[in-house]
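See structure below.
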Amino acid sequence: MAAPESGDGNNGAARMVTLISSDNTRFEVEAAAASLSQTLQLTILDGGGGGGDGIPLPNVDSATLSKVLEYCIKHAPAAANGGAPNATAVDRAELERFDNEFVNIDQSVLYSLIMAAHNLEIEGLQSLVAKKVADMIKGKSPMEIRRTLGFPDPTPEEQAEMNAHMLEYGWAYE
Amino acid sequence: MSMEQSGGEVAAKRVSDNDASAGGEDCLSALPDEVLVLILLCLYIKDAVWTSVLSRRWRRIWTLLPVLRFGIVRDSRYLSSALFASEVPLRNLHVTDRNASPESLATWLPTATRRVSGKLVLVNFASERRAADGELEESQGGTFELPCFETATLIGLSLGFLGLSVLPAGVFARLTELSLGDVRFHGPGDLGDVVSSPRCPCLQKLSIDNNQHVVNISAPQLESLKWVDAYDPSSIHLGSMEHLQMLSTYFFVYASDGFTDNRACLMLLSQFKAIENLVLSLGYLLDIDNLQYLMEDMTMLPDVITSLELIVTSNGHAIGACSFHVLRICSGIKRLKLTLSSTLNLEVKLFAYQGSKVPVTVIDKIFVAPVWDSDNSWPMESPRFDRRWFIALPAAAAAAVLPAGLAKLHPTHPPFIQSAITRTAWRSVQRQESNSPHEQRNQPRA
């Protein structure tokens, strides 16, 4: 009944699969980690990705994929445990620490990550990144949000539209 | 566990100072709607609406949200304008109001009927505070009409004693779960009409909390009944419920003499000969020094065929005696779930015992969620829950509860918190506190 210790319980060799990024880099990773992606899970269950063939991921570049896999590898043991009901507080704290650190990255990387997580259907990663971006929006004025998120400065026309719109939804700005 | 590197080291580029993405381009806006919606789902509604000002691209993103949660609403017109803004079906509409009036509700409820395809939760706070101040029984709020939500699957109303009448026509065709708390029904038979099968043909779970009324309920299809309310068989008729799988109610371990809530609980329980699963909440008030131990009043329970769940709100008191009391009566159970309410996320460490036949699950519960909501993005603090009520239950006390035959425990985290019950417990605690200064402590209350 004991929880598998942080996932590297090497009873023989864990099944590996190969993923190929859009720029043709091959990543070999445990099937359990790749299966955090709902999209990949089906292919892997069908026996795909093993041996010489990799699973091509034309929408994900290698930088993003390596980051995605870093997340998957870290979270795979807990996920295998059915959402980690048996995880100790220490394990949970460690994952939380990892997550916080993990999203402390460039906005452009964040956006690539959330797209990849969306395409690959990795639920945990999607909400992790969504939450990070939401935190950048929270409690700021529209102009502050625009600045934080790197929107170009509004044209006078846009500015006028913004002002009109603010009147319409005044209740949200109280 | 190894990853063939190649691109491996590219990834972790740290944030330099607030650099927006290269070239001033707005990459975020390039993401598809559904991804932007995911981001807005993590925000309070106000912040989400706020993003509509950012640019044309963002104008309508928030209207695509399938979940709308309104905190304390200052002006209900805002609610109706938000609900009018699109036709996207809502899987969750959660409104917290203060001093809601029939007029304010009438501005948005009819629009909501068109959009809610999942949960509708309406909590009216202010009157609860009034209630705690001792104006409990005065219902001055007037009566509003609940329109028919044909597509809602769950409705939870905690109305702070607003009056409610239900439009006579229409069928809540998809409603499977209904929770009513602090509702004053306009007509004497209204509650029964609402929850009985002609109006709610699919209703499976019903929770009744502190509504006080006369009812005649005929809901033979019901699978789960939670009753934390007055109960007297002379005025409340529960028709046959042959599909009922789960019965849930609340009992105070200590109270002053003449405490009526426990009588209602016992009378309700006596109506059921046998039940598949029983959920019994046992509550302790914070200060029990001058109160009576009431477990002895509980002399029989329905035959519990499969599982018993004990939800113990200990407030720091030892919970062995009351738990054993129940377990002695329910000797035939196949499964026991013990839920310990506390603020702290306790590591419950319990002994494995040889020869156990009954599997046990222990849940150490974080006792903070508001009502009817399992989405974890909802803020986990509620103004009603005052932390000083929660005292960590020592692990040793948890161990003491278990009958010797019970085995290794698996702490799990419940996705859903038994809100109606906890709310009632709370109110009772507060009432008890505010109503019983020291000189009154020993006087029975009628």
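A note on labels: chains of the structure tokens are A, B, ... as shown, every chain counts residues from 1, and ligands are counted from 1 in their shown order.
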Determine which residues of region 32-131 of chain B DSSP labels as strand (DSSP E or B) from the backbone of this structure, then write them out as a list in words.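 Filtering region 32-131 of chain B down to strand (DSSP E or B) leaves Val67, Leu68, Arg69, Phe70, Gly71, Ile72, Leu90, Arg91, Asn92, Leu93, His94, Val95, Thr96, Asp97, Val116, Ser117, Gly118, Lys119, Leu120, Val121, Leu122, Val123 and Asn124 of chain B.
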For the residues in the current selection, export C-alpha atoms as an mmCIF file, in the first residue's frame.
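What landed in result-v3.cif:
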```cif
data_model
loop_
_atom_site.group_PDB
_atom_site.id
_atom_site.type_symbol
_atom_site.label_atom_id
_atom_site.label_comp_id
_atom_site.auth_asym_id
_atom_site.auth_seq_id
_atom_site.Cartn_x
_atom_site.Cartn_y
_atom_site.Cartn_z
ATOM 1 C CA VAL B 67 -18.266 30.180 -14.949
ATOM 2 C CA LEU B 68 -19.341 33.427 -13.333
ATOM 3 C CA ARG B 69 -18.769 34.018 -9.659
ATOM 4 C CA PHE B 70 -19.892 37.239 -8.143
ATOM 5 C CA GLY B 71 -18.629 38.184 -4.740
ATOM 6 C CA ILE B 72 -20.654 40.617 -2.729
ATOM 7 C CA LEU B 90 -22.927 28.717 -17.713
ATOM 8 C CA ARG B 91 -21.775 25.607 -15.964
ATOM 9 C CA ASN B 92 -21.553 27.568 -12.760
ATOM 10 C CA LEU B 93 -23.206 30.785 -11.668
ATOM 11 C CA HIS B 94 -22.345 31.687 -8.126
ATOM 12 C CA VAL B 95 -23.765 34.832 -6.607
ATOM 13 C CA THR B 96 -23.052 36.074 -3.135
ATOM 14 C CA ASP B 97 -25.304 38.873 -2.108
ATOM 15 C CA VAL B 116 -27.413 28.333 -16.371
ATOM 16 C CA SER B 117 -26.820 24.855 -17.658
ATOM 17 C CA GLY B 118 -25.025 23.583 -14.580
ATOM 18 C CA LYS B 119 -24.933 24.970 -11.074
ATOM 19 C CA LEU B 120 -26.747 27.950 -9.697
ATOM 20 C CA VAL B 121 -25.680 28.979 -6.239
ATOM 21 C CA LEU B 122 -27.135 31.977 -4.503
ATOM 22 C CA VAL B 123 -25.985 32.916 -1.032
ATOM 23 C CA ASN B 124 -27.479 35.867 0.744
#
```
Exercise: Ile217 (chain B) partners within 6 Å, only C-alpha atoms, chain neighbours under 3 positions left out, as number ranges by chain: B: 192, 196, 238-239
Those of region 155-342 of chain B in DSSP helix (DSSP H, G or I), formatted as a PyMOL selection string: chain B and resi 190-195+260-270+295-297+320-329
Applying 12 Å and only C-alpha atoms, which residues near Asp46 (chain A) remain after dropping the ones on its own chain fewer than 4 positions away? List them as JSON, numbers by chain. {"A": [17, 31, 35, 39, 40, 41, 42, 50, 55]}
Between CA of Lys205 (chain B) and CA of Glu177 (chain B), measure the distance and give it in Å to one decimal.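 If I compute the distance from CA of Lys205 (chain B) to CA of Glu177 (chain B), I get 4.6 Å.
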Return as JSON lines the residues of chain A lying at most 8 Å from chain B, together with the closest atom-to-atom pair for each and the distance in Å to one decimal, counting only C-alpha atoms, with rows in chain order and ascending residue number.
```
{"residue": "A:Asp8", "atom": "CA", "partner": "B:Met1", "partner_atom": "CA", "distance": 7.1}
{"residue": "A:Thr25", "atom": "CA", "partner": "B:Ser6", "partner_atom": "CA", "distance": 6.9}
{"residue": "A:Arg26", "atom": "CA", "partner": "B:Glu4", "partner_atom": "CA", "distance": 7.2}
{"residue": "A:Phe27", "atom": "CA", "partner": "B:Glu4", "partner_atom": "CA", "distance": 5.1}
{"residue": "A:Glu28", "atom": "CA", "partner": "B:Met3", "partner_atom": "CA", "distance": 5.3}
{"residue": "A:Val29", "atom": "CA", "partner": "B:Met3", "partner_atom": "CA", "distance": 5.4}
{"residue": "A:Glu30", "atom": "CA", "partner": "B:Met1", "partner_atom": "CA", "distance": 6.4}
{"residue": "A:Ser62", "atom": "CA", "partner": "B:Gly7", "partner_atom": "CA", "distance": 5.5}
{"residue": "A:Ala63", "atom": "CA", "partner": "B:Ala11", "partner_atom": "CA", "distance": 5.4}
{"residue": "A:Thr64", "atom": "CA", "partner": "B:Ala11", "partner_atom": "CA", "distance": 6.8}
{"residue": "A:Ser66", "atom": "CA", "partner": "B:Gly8", "partner_atom": "CA", "distance": 5.3}
{"residue": "A:Lys67", "atom": "CA", "partner": "B:Ala11", "partner_atom": "CA", "distance": 5.6}
{"residue": "A:Ile73", "atom": "CA", "partner": "B:Met1", "partner_atom": "CA", "distance": 7.3}
{"residue": "A:Pro85", "atom": "CA", "partner": "B:Thr412", "partner_atom": "CA", "distance": 5.2}
{"residue": "A:Asn86", "atom": "CA", "partner": "B:Pro411", "partner_atom": "CA", "distance": 7.0}
{"residue": "A:Thr88", "atom": "CA", "partner": "B:Glu347", "partner_atom": "CA", "distance": 8.0}
{"residue": "A:Ala89", "atom": "CA", "partner": "B:Glu347", "partner_atom": "CA", "distance": 7.6}
{"residue": "A:Asn104", "atom": "CA", "partner": "B:Val15", "partner_atom": "CA", "distance": 6.5}
{"residue": "A:Ile105", "atom": "CA", "partner": "B:Val15", "partner_atom": "CA", "distance": 4.9}
{"residue": "A:Asp106", "atom": "CA", "partner": "B:Val15", "partner_atom": "CA", "distance": 5.0}
{"residue": "A:Gln107", "atom": "CA", "partner": "B:Ser21", "partner_atom": "CA", "distance": 6.2}
{"residue": "A:Ser108", "atom": "CA", "partner": "B:Ser21", "partner_atom": "CA", "distance": 5.5}
{"residue": "A:Tyr111", "atom": "CA", "partner": "B:Leu28", "partner_atom": "CA", "distance": 6.5}
{"residue": "A:Ile114", "atom": "CA", "partner": "B:Val35", "partner_atom": "CA", "distance": 7.5}
{"residue": "A:Met115", "atom": "CA", "partner": "B:Leu31", "partner_atom": "CA", "distance": 7.3}
{"residue": "A:His118", "atom": "CA", "partner": "B:Val35", "partner_atom": "CA", "distance": 7.2}
{"residue": "A:Gln126", "atom": "CA", "partner": "B:Leu38", "partner_atom": "CA", "distance": 7.9}
{"residue": "A:Ser127", "atom": "CA", "partner": "B:Leu38", "partner_atom": "CA", "distance": 7.3}
{"residue": "A:Ala130", "atom": "CA", "partner": "B:Ile39", "partner_atom": "CA", "distance": 4.4}
{"residue": "A:Lys131", "atom": "CA", "partner": "B:Cys42", "partner_atom": "CA", "distance": 5.7}
{"residue": "A:Val133", "atom": "CA", "partner": "B:Ile39", "partner_atom": "CA", "distance": 6.6}
{"residue": "A:Ala134", "atom": "CA", "partner": "B:Ile39", "partner_atom": "CA", "distance": 5.6}
{"residue": "A:Ile137", "atom": "CA", "partner": "B:Asp47", "partner_atom": "CA", "distance": 7.5}
{"residue": "A:Lys138", "atom": "CA", "partner": "B:Asp47", "partner_atom": "CA", "distance": 6.2}
{"residue": "A:Gly139", "atom": "CA", "partner": "B:Asp47", "partner_atom": "CA", "distance": 6.7}
{"residue": "A:Ser141", "atom": "CA", "partner": "B:Trp50", "partner_atom": "CA", "distance": 7.9}
{"residue": "A:Pro142", "atom": "CA", "partner": "B:Leu54", "partner_atom": "CA", "distance": 5.9}
{"residue": "A:Met143", "atom": "CA", "partner": "B:Leu54", "partner_atom": "CA", "distance": 7.7}
{"residue": "A:Ile145", "atom": "CA", "partner": "B:Leu54", "partner_atom": "CA", "distance": 7.7}
{"residue": "A:Arg146", "atom": "CA", "partner": "B:Leu54", "partner_atom": "CA", "distance": 6.5}
{"residue": "A:Arg147", "atom": "CA", "partner": "B:Ala20", "partner_atom": "CA", "distance": 7.9}
{"residue": "A:Thr148", "atom": "CA", "partner": "B:Ala20", "partner_atom": "CA", "distance": 6.7}
{"residue": "A:Leu149", "atom": "CA", "partner": "B:Ala20", "partner_atom": "CA", "distance": 6.1}
{"residue": "A:Gly150", "atom": "CA", "partner": "B:Ala20", "partner_atom": "CA", "distance": 4.6}
{"residue": "A:Phe151", "atom": "CA", "partner": "B:Asp26", "partner_atom": "CA", "distance": 4.8}
{"residue": "A:Pro152", "atom": "CA", "partner": "B:Gly24", "partner_atom": "CA", "distance": 5.8}
{"residue": "A:Glu158", "atom": "CA", "partner": "B:Ser55", "partner_atom": "CA", "distance": 7.3}
{"residue": "A:Met162", "atom": "CA", "partner": "B:Val53", "partner_atom": "CA", "distance": 5.2}
{"residue": "A:Asn163", "atom": "CA", "partner": "B:Val53", "partner_atom": "CA", "distance": 8.0}
{"residue": "A:His165", "atom": "CA", "partner": "B:Val53", "partner_atom": "CA", "distance": 6.2}
{"residue": "A:Met166", "atom": "CA", "partner": "B:Val53", "partner_atom": "CA", "distance": 6.5}
{"residue": "A:Tyr169", "atom": "CA", "partner": "B:Val49", "partner_atom": "CA", "distance": 7.6}
{"residue": "A:Trp171", "atom": "CA", "partner": "B:Tyr78", "partner_atom": "CA", "distance": 6.4}
{"residue": "A:Ala172", "atom": "CA", "partner": "B:Lys46", "partner_atom": "CA", "distance": 4.7}
{"residue": "A:Tyr173", "atom": "CA", "partner": "B:Trp50", "partner_atom": "CA", "distance": 7.1}
```
